[in-house]
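As structure tokens, the structure follows; a few thoughts come after it.
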Amino acid sequence: KFKILEMASGASVIFFLDHKGKTIIRRDYRGDAGHGLTEKFQKKVLDIEEVNLTPVFTDGGHTFVWVKHNNIFLVAVCRGNPNVMMVLSFLMKLVEVLSEYFGNLEDESIRDNFVVTYELLDEMIDNGYPQITEQKMLQQYIKTESYKLAEKNHQKSTKNELKITSNLTSKISHRPEGIRYPKNEVFCDVVEKLDLLASPNGTVLSSEINGALKMNCMLTGMPNLKLGLNDKALFEMTGRTTRGKLVDMEDIKFHQSVDLQKFERERVITFVPPDGKFELMTYRLNSTVKPLVWVEVTLDNYTQSKVEYVIKAKTQFKSRSFANNVEIAIPVPPDANAPFFKTNIGVVKYVPDQESMVWLIKSFPGQREYLMKARFGLPTVADPNRDKFKKSPINIKFEIPYFTVSGVQVRYLKIEEKSGYKALPWVRYITQNGHYSIRMFNQNNSLKSWDLYVFE
């Protein structure tokens, strides 16, 4: 006897709900979900505490999968045995596509563009299963104003439909044929963001690098691109050696255009790119990173009537690099007034609604050190929460061009096309701040002085 395995089901219904749980749009794909679904969702999500929420739950034979974006809920209701990860991934992709169409996805933008939203729902999913999710393909034949022009040029519309059908049934559905550029170029940005948690004495408690390769391809025809990185796994696989730095990347995620089998065999990223901008890959590295920016803060004369700061900022990367648009936000007492600042670079402003002062440095060279002094008056009647600023972190924002904190490098970027044209590849490196939490609280609760290390 053979047991017939039931295929995992997709979404029966997709809802767009506002922040009160009221329906903005409903698209029923199978007609088997029944009624009273939004009431069930409200009881399980809107009427309970946020700490108890889960993105997936079951109720009365229905499986609810949902995501929240701004002030709307995107909810998929499934019957049977659904592929939950498939449905959840589709909802996140749907948010991305709608944001691309409407700019800012919220309840008002859905109501203003409900016709286009229904068109996208019909094209992106069929009988509950995702079909076309590539933005470049959807934008060829579903545009914000395309429904207004459809009747004016029926012949042109018919030709476009034939072209779209050809693209969707071809092996490379994410790139249409017939693309032409007078000058063939491809731009690759390696963007890294660093998250870090540091203790008051400068010890790095945790650090994580989140990187992405962002492409902008302006290439004619159907080019095939090959991109190689200083990947540690590649050199270990081939037994090769190098004097340069090798990087061991984790949690690598690729765009759908990448040949995954070839990457597993050769560790070479091979792909036929979509036209225009897209994110080729993302990666993560868990490594201890030395402080790129070191900040030392000292409190002088912290009395009942005033508080004085002495702040020293120092960069610890190579002198040929610059950190641009540096913002150092330092907490101050909530009842501080009469600010006075003195610095040898940049400007300082008091931001009372954030209970902080912000030191702005437009260009901060490597291996340099700057000083800033600040003084605030304090009222005679103290705010009961005056000392809470001691537990608030210092926040840093910055951007370092032509630099990667992990050492990731693009070793080569080759462009091949059957016509044999020559294209110009451009590679740029950028390091930016991520989420920072720098603990300023000393064990003895003394605020006379403390050292803070800030990392990019």
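Convention: chains lettered A, B, ... in structure tokens order; per-chain residue numbering from 1; ligands numbered from 1 as shown.
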Residues at most 7 Å from region 68-83 of chain A, counting only C-alpha atoms, excluding those fewer than 6 positions away in the same chain, as a list of chain:residue names?
A:Ala8, A:Ser9, A:Gly10, A:Ala11, A:Ser12, A:Val13, A:Ile14, A:Phe15, A:Phe16, A:Leu17, A:Asp18, A:His19, A:Ala33, A:Gly61, A:His62, A:Leu91, A:Glu106, A:Asp107
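When only C-alpha atoms are used to compute distances to Phe317 (chain A), the closest of the residues A:Val332, A:Leu246, A:Val95, A:Val289 turns out to be A:Val289.
Every protein, DNA or RNA residue with an atom at most 8 Å from Met137 (chain A), where only C-alpha atoms count and chain neighbours fewer than 5 positions away do not, is listed here: Ile132, Ile164, Ser173, His174, Arg175 and Pro176 of chain A.
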If you run DSSP on the backbone here, which positions in region 19-144 of chain A get strand (DSSP E)? Please write them as a PyMOL selection string.
chain A and resi 23-28+56-59+62-69+72-79+125-126+129-130
Select from region 54-301 of chain A everything DSSP, run on the backbone, classes as alpha helix (DSSP H), then give the selection as a PDB file with N, CA and C atoms, in the first residue's frame.
ATOM      1  N   VAL A  84       3.973  27.206   5.931  1.00  0.00           N
ATOM      2  CA  VAL A  84       3.957  28.466   6.661  1.00  0.00           C
ATOM      3  C   VAL A  84       5.097  29.379   6.219  1.00  0.00           C
ATOM      4  N   MET A  85       6.289  28.828   6.039  1.00  0.00           N
ATOM      5  CA  MET A  85       7.429  29.659   5.645  1.00  0.00           C
ATOM      6  C   MET A  85       7.227  30.259   4.261  1.00  0.00           C
ATOM      7  N   MET A  86       6.620  29.504   3.360  1.00  0.00           N
ATOM      8  CA  MET A  86       6.332  30.030   2.029  1.00  0.00           C
ATOM      9  C   MET A  86       5.362  31.214   2.121  1.00  0.00           C
ATOM     10  N   VAL A  87       4.315  31.065   2.918  1.00  0.00           N
ATOM     11  CA  VAL A  87       3.313  32.123   3.038  1.00  0.00           C
ATOM     12  C   VAL A  87       3.905  33.352   3.726  1.00  0.00           C
ATOM     13  N   LEU A  88       4.682  33.137   4.780  1.00  0.00           N
ATOM     14  CA  LEU A  88       5.289  34.258   5.488  1.00  0.00           C
ATOM     15  C   LEU A  88       6.284  34.998   4.592  1.00  0.00           C
ATOM     16  N   SER A  89       7.078  34.257   3.830  1.00  0.00           N
ATOM     17  CA  SER A  89       8.027  34.887   2.904  1.00  0.00           C
ATOM     18  C   SER A  89       7.295  35.684   1.835  1.00  0.00           C
ATOM     19  N   PHE A  90       6.162  35.154   1.382  1.00  0.00           N
ATOM     20  CA  PHE A  90       5.389  35.882   0.367  1.00  0.00           C
ATOM     21  C   PHE A  90       4.845  37.196   0.932  1.00  0.00           C
ATOM     22  N   LEU A  91       4.344  37.185   2.157  1.00  0.00           N
ATOM     23  CA  LEU A  91       3.819  38.420   2.746  1.00  0.00           C
ATOM     24  C   LEU A  91       4.908  39.483   2.866  1.00  0.00           C
ATOM     25  N   MET A  92       6.110  39.069   3.238  1.00  0.00           N
ATOM     26  CA  MET A  92       7.211  40.021   3.339  1.00  0.00           C
ATOM     27  C   MET A  92       7.597  40.553   1.962  1.00  0.00           C
ATOM     28  N   LYS A  93       7.554  39.681   0.948  1.00  0.00           N
ATOM     29  CA  LYS A  93       7.834  40.120  -0.419  1.00  0.00           C
ATOM     30  C   LYS A  93       6.732  41.049  -0.911  1.00  0.00           C
ATOM     31  N   LEU A  94       5.511  40.782  -0.525  1.00  0.00           N
ATOM     32  CA  LEU A  94       4.387  41.638  -0.916  1.00  0.00           C
ATOM     33  C   LEU A  94       4.558  43.041  -0.345  1.00  0.00           C
ATOM     34  N   VAL A  95       5.015  43.136   0.898  1.00  0.00           N
ATOM     35  CA  VAL A  95       5.297  44.443   1.499  1.00  0.00           C
ATOM     36  C   VAL A  95       6.353  45.179   0.686  1.00  0.00           C
ATOM     37  N   GLU A  96       7.386  44.465   0.282  1.00  0.00           N
ATOM     38  CA  GLU A  96       8.476  45.069  -0.494  1.00  0.00           C
ATOM     39  C   GLU A  96       7.980  45.587  -1.837  1.00  0.00           C
ATOM     40  N   VAL A  97       7.158  44.799  -2.532  1.00  0.00           N
ATOM     41  CA  VAL A  97       6.644  45.198  -3.846  1.00  0.00           C
ATOM     42  C   VAL A  97       5.704  46.394  -3.723  1.00  0.00           C
ATOM     43  N   LEU A  98       4.783  46.354  -2.777  1.00  0.00           N
ATOM     44  CA  LEU A  98       3.839  47.466  -2.609  1.00  0.00           C
ATOM     45  C   LEU A  98       4.555  48.744  -2.195  1.00  0.00           C
ATOM     46  N   SER A  99       5.588  48.617  -1.384  1.00  0.00           N
ATOM     47  CA  SER A  99       6.361  49.798  -1.000  1.00  0.00           C
ATOM     48  C   SER A  99       7.057  50.398  -2.204  1.00  0.00           C
ATOM     49  N   GLU A 100       7.483  49.555  -3.123  1.00  0.00           N
ATOM     50  CA  GLU A 100       8.121  50.042  -4.347  1.00  0.00           C
ATOM     51  C   GLU A 100       7.119  50.800  -5.224  1.00  0.00           C
ATOM     52  N   TYR A 101       5.888  50.323  -5.265  1.00  0.00           N
ATOM     53  CA  TYR A 101       4.854  50.970  -6.082  1.00  0.00           C
ATOM     54  C   TYR A 101       4.345  52.270  -5.452  1.00  0.00           C
ATOM     55  N   PHE A 102       4.089  52.228  -4.142  1.00  0.00           N
ATOM     56  CA  PHE A 102       3.406  53.343  -3.495  1.00  0.00           C
ATOM     57  C   PHE A 102       4.331  54.262  -2.716  1.00  0.00           C
ATOM     58  N   ASP A 107      -2.201  52.412   5.409  1.00  0.00           N
ATOM     59  CA  ASP A 107      -3.609  52.206   5.066  1.00  0.00           C
ATOM     60  C   ASP A 107      -4.108  53.200   4.018  1.00  0.00           C
ATOM     61  N   GLU A 108      -3.639  54.444   4.096  1.00  0.00           N
ATOM     62  CA  GLU A 108      -4.091  55.458   3.135  1.00  0.00           C
ATOM     63  C   GLU A 108      -3.615  55.143   1.718  1.00  0.00           C
ATOM     64  N   SER A 109      -2.364  54.675   1.578  1.00  0.00           N
ATOM     65  CA  SER A 109      -1.851  54.368   0.243  1.00  0.00           C
ATOM     66  C   SER A 109      -2.571  53.164  -0.358  1.00  0.00           C
ATOM     67  N   ILE A 110      -3.005  52.205   0.482  1.00  0.00           N
ATOM     68  CA  ILE A 110      -3.768  51.068  -0.024  1.00  0.00           C
ATOM     69  C   ILE A 110      -5.142  51.524  -0.510  1.00  0.00           C
ATOM     70  N   ARG A 111      -5.804  52.386   0.254  1.00  0.00           N
ATOM     71  CA  ARG A 111      -7.129  52.872  -0.134  1.00  0.00           C
ATOM     72  C   ARG A 111      -7.055  53.714  -1.410  1.00  0.00           C
ATOM     73  N   ASP A 112      -5.984  54.490  -1.572  1.00  0.00           N
ATOM     74  CA  ASP A 112      -5.841  55.327  -2.762  1.00  0.00           C
ATOM     75  C   ASP A 112      -5.483  54.518  -4.003  1.00  0.00           C
ATOM     76  N   PHE A 114      -6.327  50.955  -4.515  1.00  0.00           N
ATOM     77  CA  PHE A 114      -6.851  49.606  -4.325  1.00  0.00           C
ATOM     78  C   PHE A 114      -6.938  48.837  -5.639  1.00  0.00           C
ATOM     79  N   VAL A 115      -7.128  49.524  -6.776  1.00  0.00           N
ATOM     80  CA  VAL A 115      -7.200  48.833  -8.065  1.00  0.00           C
ATOM     81  C   VAL A 115      -5.854  48.188  -8.394  1.00  0.00           C
ATOM     82  N   VAL A 116      -4.786  48.948  -8.230  1.00  0.00           N
ATOM     83  CA  VAL A 116      -3.455  48.409  -8.489  1.00  0.00           C
ATOM     84  C   VAL A 116      -3.125  47.300  -7.496  1.00  0.00           C
ATOM     85  N   THR A 117      -3.554  47.452  -6.235  1.00  0.00           N
ATOM     86  CA  THR A 117      -3.298  46.417  -5.229  1.00  0.00           C
ATOM     87  C   THR A 117      -3.957  45.105  -5.622  1.00  0.00           C
ATOM     88  N   TYR A 118      -5.216  45.168  -6.086  1.00  0.00           N
ATOM     89  CA  TYR A 118      -5.902  43.955  -6.534  1.00  0.00           C
ATOM     90  C   TYR A 118      -5.205  43.340  -7.747  1.00  0.00           C
ATOM     91  N   GLU A 119      -4.748  44.177  -8.670  1.00  0.00           N
ATOM     92  CA  GLU A 119      -4.035  43.660  -9.837  1.00  0.00           C
ATOM     93  C   GLU A 119      -2.767  42.929  -9.425  1.00  0.00           C
ATOM     94  N   LEU A 120      -2.031  43.504  -8.487  1.00  0.00           N
ATOM     95  CA  LEU A 120      -0.807  42.866  -8.017  1.00  0.00           C
ATOM     96  C   LEU A 120      -1.110  41.550  -7.296  1.00  0.00           C
ATOM     97  N   LEU A 121      -2.153  41.525  -6.476  1.00  0.00           N
ATOM     98  CA  LEU A 121      -2.522  40.297  -5.782  1.00  0.00           C
ATOM     99  C   LEU A 121      -2.903  39.198  -6.769  1.00  0.00           C
ATOM    100  N   ASP A 122      -3.552  39.567  -7.863  1.00  0.00           N
ATOM    101  CA  ASP A 122      -3.942  38.576  -8.868  1.00  0.00           C
ATOM    102  C   ASP A 122      -2.753  38.044  -9.658  1.00  0.00           C
ATOM    103  N   GLU A 123      -1.751  38.890  -9.875  1.00  0.00           N
ATOM    104  CA  GLU A 123      -0.588  38.457 -10.653  1.00  0.00           C
ATOM    105  C   GLU A 123       0.457  37.746  -9.799  1.00  0.00           C
ATOM    106  N   MET A 124       0.570  38.128  -8.539  1.00  0.00           N
ATOM    107  CA  MET A 124       1.619  37.582  -7.686  1.00  0.00           C
ATOM    108  C   MET A 124       1.271  36.228  -7.083  1.00  0.00           C
ATOM    109  N   GLN A 135       9.985  42.336  -8.786  1.00  0.00           N
ATOM    110  CA  GLN A 135       9.471  43.682  -9.020  1.00  0.00           C
ATOM    111  C   GLN A 135       9.679  44.137 -10.457  1.00  0.00           C
ATOM    112  N   LYS A 136      10.830  43.825 -11.023  1.00  0.00           N
ATOM    113  CA  LYS A 136      11.129  44.281 -12.382  1.00  0.00           C
ATOM    114  C   LYS A 136      10.125  43.735 -13.379  1.00  0.00           C
ATOM    115  N   MET A 137       9.714  42.479 -13.207  1.00  0.00           N
ATOM    116  CA  MET A 137       8.744  41.886 -14.117  1.00  0.00           C
ATOM    117  C   MET A 137       7.353  42.473 -13.899  1.00  0.00           C
ATOM    118  N   LEU A 138       6.959  42.654 -12.648  1.00  0.00           N
ATOM    119  CA  LEU A 138       5.634  43.201 -12.363  1.00  0.00           C
ATOM    120  C   LEU A 138       5.492  44.626 -12.879  1.00  0.00           C
ATOM    121  N   GLN A 139       6.554  45.400 -12.798  1.00  0.00           N
ATOM    122  CA  GLN A 139       6.487  46.801 -13.202  1.00  0.00           C
ATOM    123  C   GLN A 139       6.407  46.974 -14.713  1.00  0.00           C
ATOM    124  N   GLN A 140       6.635  45.914 -15.466  1.00  0.00           N
ATOM    125  CA  GLN A 140       6.512  46.015 -16.922  1.00  0.00           C
ATOM    126  C   GLN A 140       5.062  46.142 -17.371  1.00  0.00           C
ATOM    127  N   TYR A 141       4.176  45.514 -16.613  1.00  0.00           N
ATOM    128  CA  TYR A 141       2.790  45.506 -17.088  1.00  0.00           C
ATOM    129  C   TYR A 141       1.768  45.888 -16.030  1.00  0.00           C
ATOM    130  N   SER A 146      -1.041  52.568 -15.411  1.00  0.00           N
ATOM    131  CA  SER A 146      -1.205  51.765 -16.628  1.00  0.00           C
ATOM    132  C   SER A 146      -2.663  51.482 -16.933  1.00  0.00           C
ATOM    133  N   TYR A 147      -3.516  51.299 -15.883  1.00  0.00           N
ATOM    134  CA  TYR A 147      -4.913  50.997 -16.130  1.00  0.00           C
ATOM    135  C   TYR A 147      -5.635  52.179 -16.773  1.00  0.00           C
ATOM    136  N   LYS A 148      -5.111  53.391 -16.635  1.00  0.00           N
ATOM    137  CA  LYS A 148      -5.734  54.563 -17.248  1.00  0.00           C
ATOM    138  C   LYS A 148      -5.422  54.654 -18.737  1.00  0.00           C
ATOM    139  N   LEU A 149      -4.327  54.018 -19.133  1.00  0.00           N
ATOM    140  CA  LEU A 149      -3.880  54.136 -20.515  1.00  0.00           C
ATOM    141  C   LEU A 149      -4.221  52.917 -21.352  1.00  0.00           C
ATOM    142  N   HIS A 154      -4.623  49.950 -27.521  1.00  0.00           N
ATOM    143  CA  HIS A 154      -4.845  48.525 -27.364  1.00  0.00           C
ATOM    144  C   HIS A 154      -3.789  47.716 -28.112  1.00  0.00           C
ATOM    145  N   GLN A 155      -3.359  48.189 -29.280  1.00  0.00           N
ATOM    146  CA  GLN A 155      -2.379  47.449 -30.077  1.00  0.00           C
ATOM    147  C   GLN A 155      -1.050  47.345 -29.338  1.00  0.00           C
ATOM    148  N   LYS A 156      -0.607  48.460 -28.752  1.00  0.00           N
ATOM    149  CA  LYS A 156       0.647  48.463 -28.009  1.00  0.00           C
ATOM    150  C   LYS A 156       0.539  47.565 -26.789  1.00  0.00           C
ATOM    151  N   SER A 157      -0.637  47.570 -26.139  1.00  0.00           N
ATOM    152  CA  SER A 157      -0.838  46.736 -24.968  1.00  0.00           C
ATOM    153  C   SER A 157      -0.750  45.262 -25.318  1.00  0.00           C
ATOM    154  N   THR A 158      -1.314  44.880 -26.491  1.00  0.00           N
ATOM    155  CA  THR A 158      -1.271  43.483 -26.915  1.00  0.00           C
ATOM    156  C   THR A 158       0.167  43.027 -27.140  1.00  0.00           C
ATOM    157  N   LYS A 159       0.976  43.884 -27.773  1.00  0.00           N
ATOM    158  CA  LYS A 159       2.378  43.545 -28.004  1.00  0.00           C
ATOM    159  C   LYS A 159       3.119  43.370 -26.682  1.00  0.00           C
ATOM    160  N   ASN A 160       2.822  44.240 -25.728  1.00  0.00           N
ATOM    161  CA  ASN A 160       3.480  44.131 -24.423  1.00  0.00           C
ATOM    162  C   ASN A 160       3.100  42.841 -23.716  1.00  0.00           C
ATOM    163  N   GLU A 161       1.813  42.430 -23.852  1.00  0.00           N
ATOM    164  CA  GLU A 161       1.381  41.198 -23.211  1.00  0.00           C
ATOM    165  C   GLU A 161       2.105  39.993 -23.780  1.00  0.00           C
ATOM    166  N   LEU A 162       2.301  39.980 -25.118  1.00  0.00           N
ATOM    167  CA  LEU A 162       3.046  38.876 -25.728  1.00  0.00           C
ATOM    168  C   LEU A 162       4.479  38.848 -25.242  1.00  0.00           C
ATOM    169  N   LYS A 163       5.086  40.032 -25.111  1.00  0.00           N
ATOM    170  CA  LYS A 163       6.467  40.122 -24.633  1.00  0.00           C
ATOM    171  C   LYS A 163       6.569  39.649 -23.194  1.00  0.00           C
ATOM    172  N   ILE A 164       5.596  40.026 -22.368  1.00  0.00           N
ATOM    173  CA  ILE A 164       5.603  39.620 -20.971  1.00  0.00           C
ATOM    174  C   ILE A 164       5.448  38.118 -20.841  1.00  0.00           C
ATOM    175  N   THR A 165       4.522  37.532 -21.632  1.00  0.00           N
ATOM    176  CA  THR A 165       4.328  36.086 -21.598  1.00  0.00           C
ATOM    177  C   THR A 165       5.612  35.359 -21.951  1.00  0.00           C
ATOM    178  N   SER A 166       6.320  35.874 -22.951  1.00  0.00           N
ATOM    179  CA  SER A 166       7.592  35.274 -23.351  1.00  0.00           C
ATOM    180  C   SER A 166       8.609  35.340 -22.217  1.00  0.00           C
ATOM    181  N   ASN A 167       8.655  36.472 -21.536  1.00  0.00           N
ATOM    182  CA  ASN A 167       9.610  36.623 -20.441  1.00  0.00           C
ATOM    183  C   ASN A 167       9.301  35.673 -19.292  1.00  0.00           C
ATOM    184  N   LEU A 168       8.020  35.549 -18.949  1.00  0.00           N
ATOM    185  CA  LEU A 168       7.638  34.735 -17.809  1.00  0.00           C
ATOM    186  C   LEU A 168       7.856  33.259 -18.060  1.00  0.00           C
ATOM    187  N   THR A 169       7.758  32.813 -19.294  1.00  0.00           N
ATOM    188  CA  THR A 169       7.945  31.409 -19.617  1.00  0.00           C
ATOM    189  C   THR A 169       9.377  31.082 -20.001  1.00  0.00           C
ATOM    190  N   LYS A 232      37.096  32.794   2.456  1.00  0.00           N
ATOM    191  CA  LYS A 232      37.971  31.810   3.092  1.00  0.00           C
ATOM    192  C   LYS A 232      37.646  30.401   2.633  1.00  0.00           C
ATOM    193  N   ALA A 233      36.356  30.085   2.473  1.00  0.00           N
ATOM    194  CA  ALA A 233      35.951  28.739   2.065  1.00  0.00           C
ATOM    195  C   ALA A 233      36.492  28.388   0.682  1.00  0.00           C
ATOM    196  N   LEU A 234      36.580  29.377  -0.232  1.00  0.00           N
ATOM    197  CA  LEU A 234      37.102  29.137  -1.573  1.00  0.00           C
ATOM    198  C   LEU A 234      38.552  28.699  -1.520  1.00  0.00           C
ATOM    199  N   PHE A 235      39.366  29.411  -0.765  1.00  0.00           N
ATOM    200  CA  PHE A 235      40.790  29.082  -0.698  1.00  0.00           C
ATOM    201  C   PHE A 235      41.020  27.761   0.033  1.00  0.00           C
ATOM    202  N   GLU A 236      40.190  27.438   1.014  1.00  0.00           N
ATOM    203  CA  GLU A 236      40.314  26.151   1.687  1.00  0.00           C
ATOM    204  C   GLU A 236      39.900  25.015   0.768  1.00  0.00           C
ATOM    205  N   MET A 237      38.881  25.260  -0.080  1.00  0.00           N
ATOM    206  CA  MET A 237      38.399  24.245  -0.994  1.00  0.00           C
ATOM    207  C   MET A 237      39.432  23.918  -2.072  1.00  0.00           C
ATOM    208  N   THR A 238      40.091  24.944  -2.580  1.00  0.00           N
ATOM    209  CA  THR A 238      41.040  24.761  -3.677  1.00  0.00           C
ATOM    210  C   THR A 238      42.468  24.546  -3.202  1.00  0.00           C
ATOM    211  N   LEU A 260      22.998  28.821  -7.631  1.00  0.00           N
ATOM    212  CA  LEU A 260      23.399  28.306  -6.321  1.00  0.00           C
ATOM    213  C   LEU A 260      24.253  27.049  -6.430  1.00  0.00           C
ATOM    214  N   GLN A 261      23.952  26.193  -7.399  1.00  0.00           N
ATOM    215  CA  GLN A 261      24.735  24.970  -7.544  1.00  0.00           C
ATOM    216  C   GLN A 261      26.185  25.276  -7.897  1.00  0.00           C
ATOM    217  N   LYS A 262      26.384  26.241  -8.771  1.00  0.00           N
ATOM    218  CA  LYS A 262      27.745  26.608  -9.137  1.00  0.00           C
ATOM    219  C   LYS A 262      28.466  27.246  -7.967  1.00  0.00           C
ATOM    220  N   PHE A 263      27.747  27.999  -7.162  1.00  0.00           N
ATOM    221  CA  PHE A 263      28.380  28.594  -5.994  1.00  0.00           C
ATOM    222  C   PHE A 263      28.817  27.522  -5.007  1.00  0.00           C
ATOM    223  N   GLU A 264      27.996  26.497  -4.814  1.00  0.00           N
ATOM    224  CA  GLU A 264      28.358  25.420  -3.899  1.00  0.00           C
ATOM    225  C   GLU A 264      29.580  24.655  -4.406  1.00  0.00           C
ATOM    226  N   ARG A 265      29.684  24.493  -5.735  1.00  0.00           N
ATOM    227  CA  ARG A 265      30.806  23.742  -6.296  1.00  0.00           C
ATOM    228  C   ARG A 265      32.083  24.561  -6.340  1.00  0.00           C
ATOM    229  N   GLU A 266      31.967  25.835  -6.777  1.00  0.00           N
ATOM    230  CA  GLU A 266      33.155  26.628  -7.070  1.00  0.00           C
ATOM    231  C   GLU A 266      33.317  27.869  -6.199  1.00  0.00           C
TER     232      GLU A 266
END
Could you pull the residues within 8 Å of Gly346 (chain A), counting only C-alpha atoms, minus those fewer than 5 positions along the same chain, as a ChimeraX atom specification?
/A:359-362
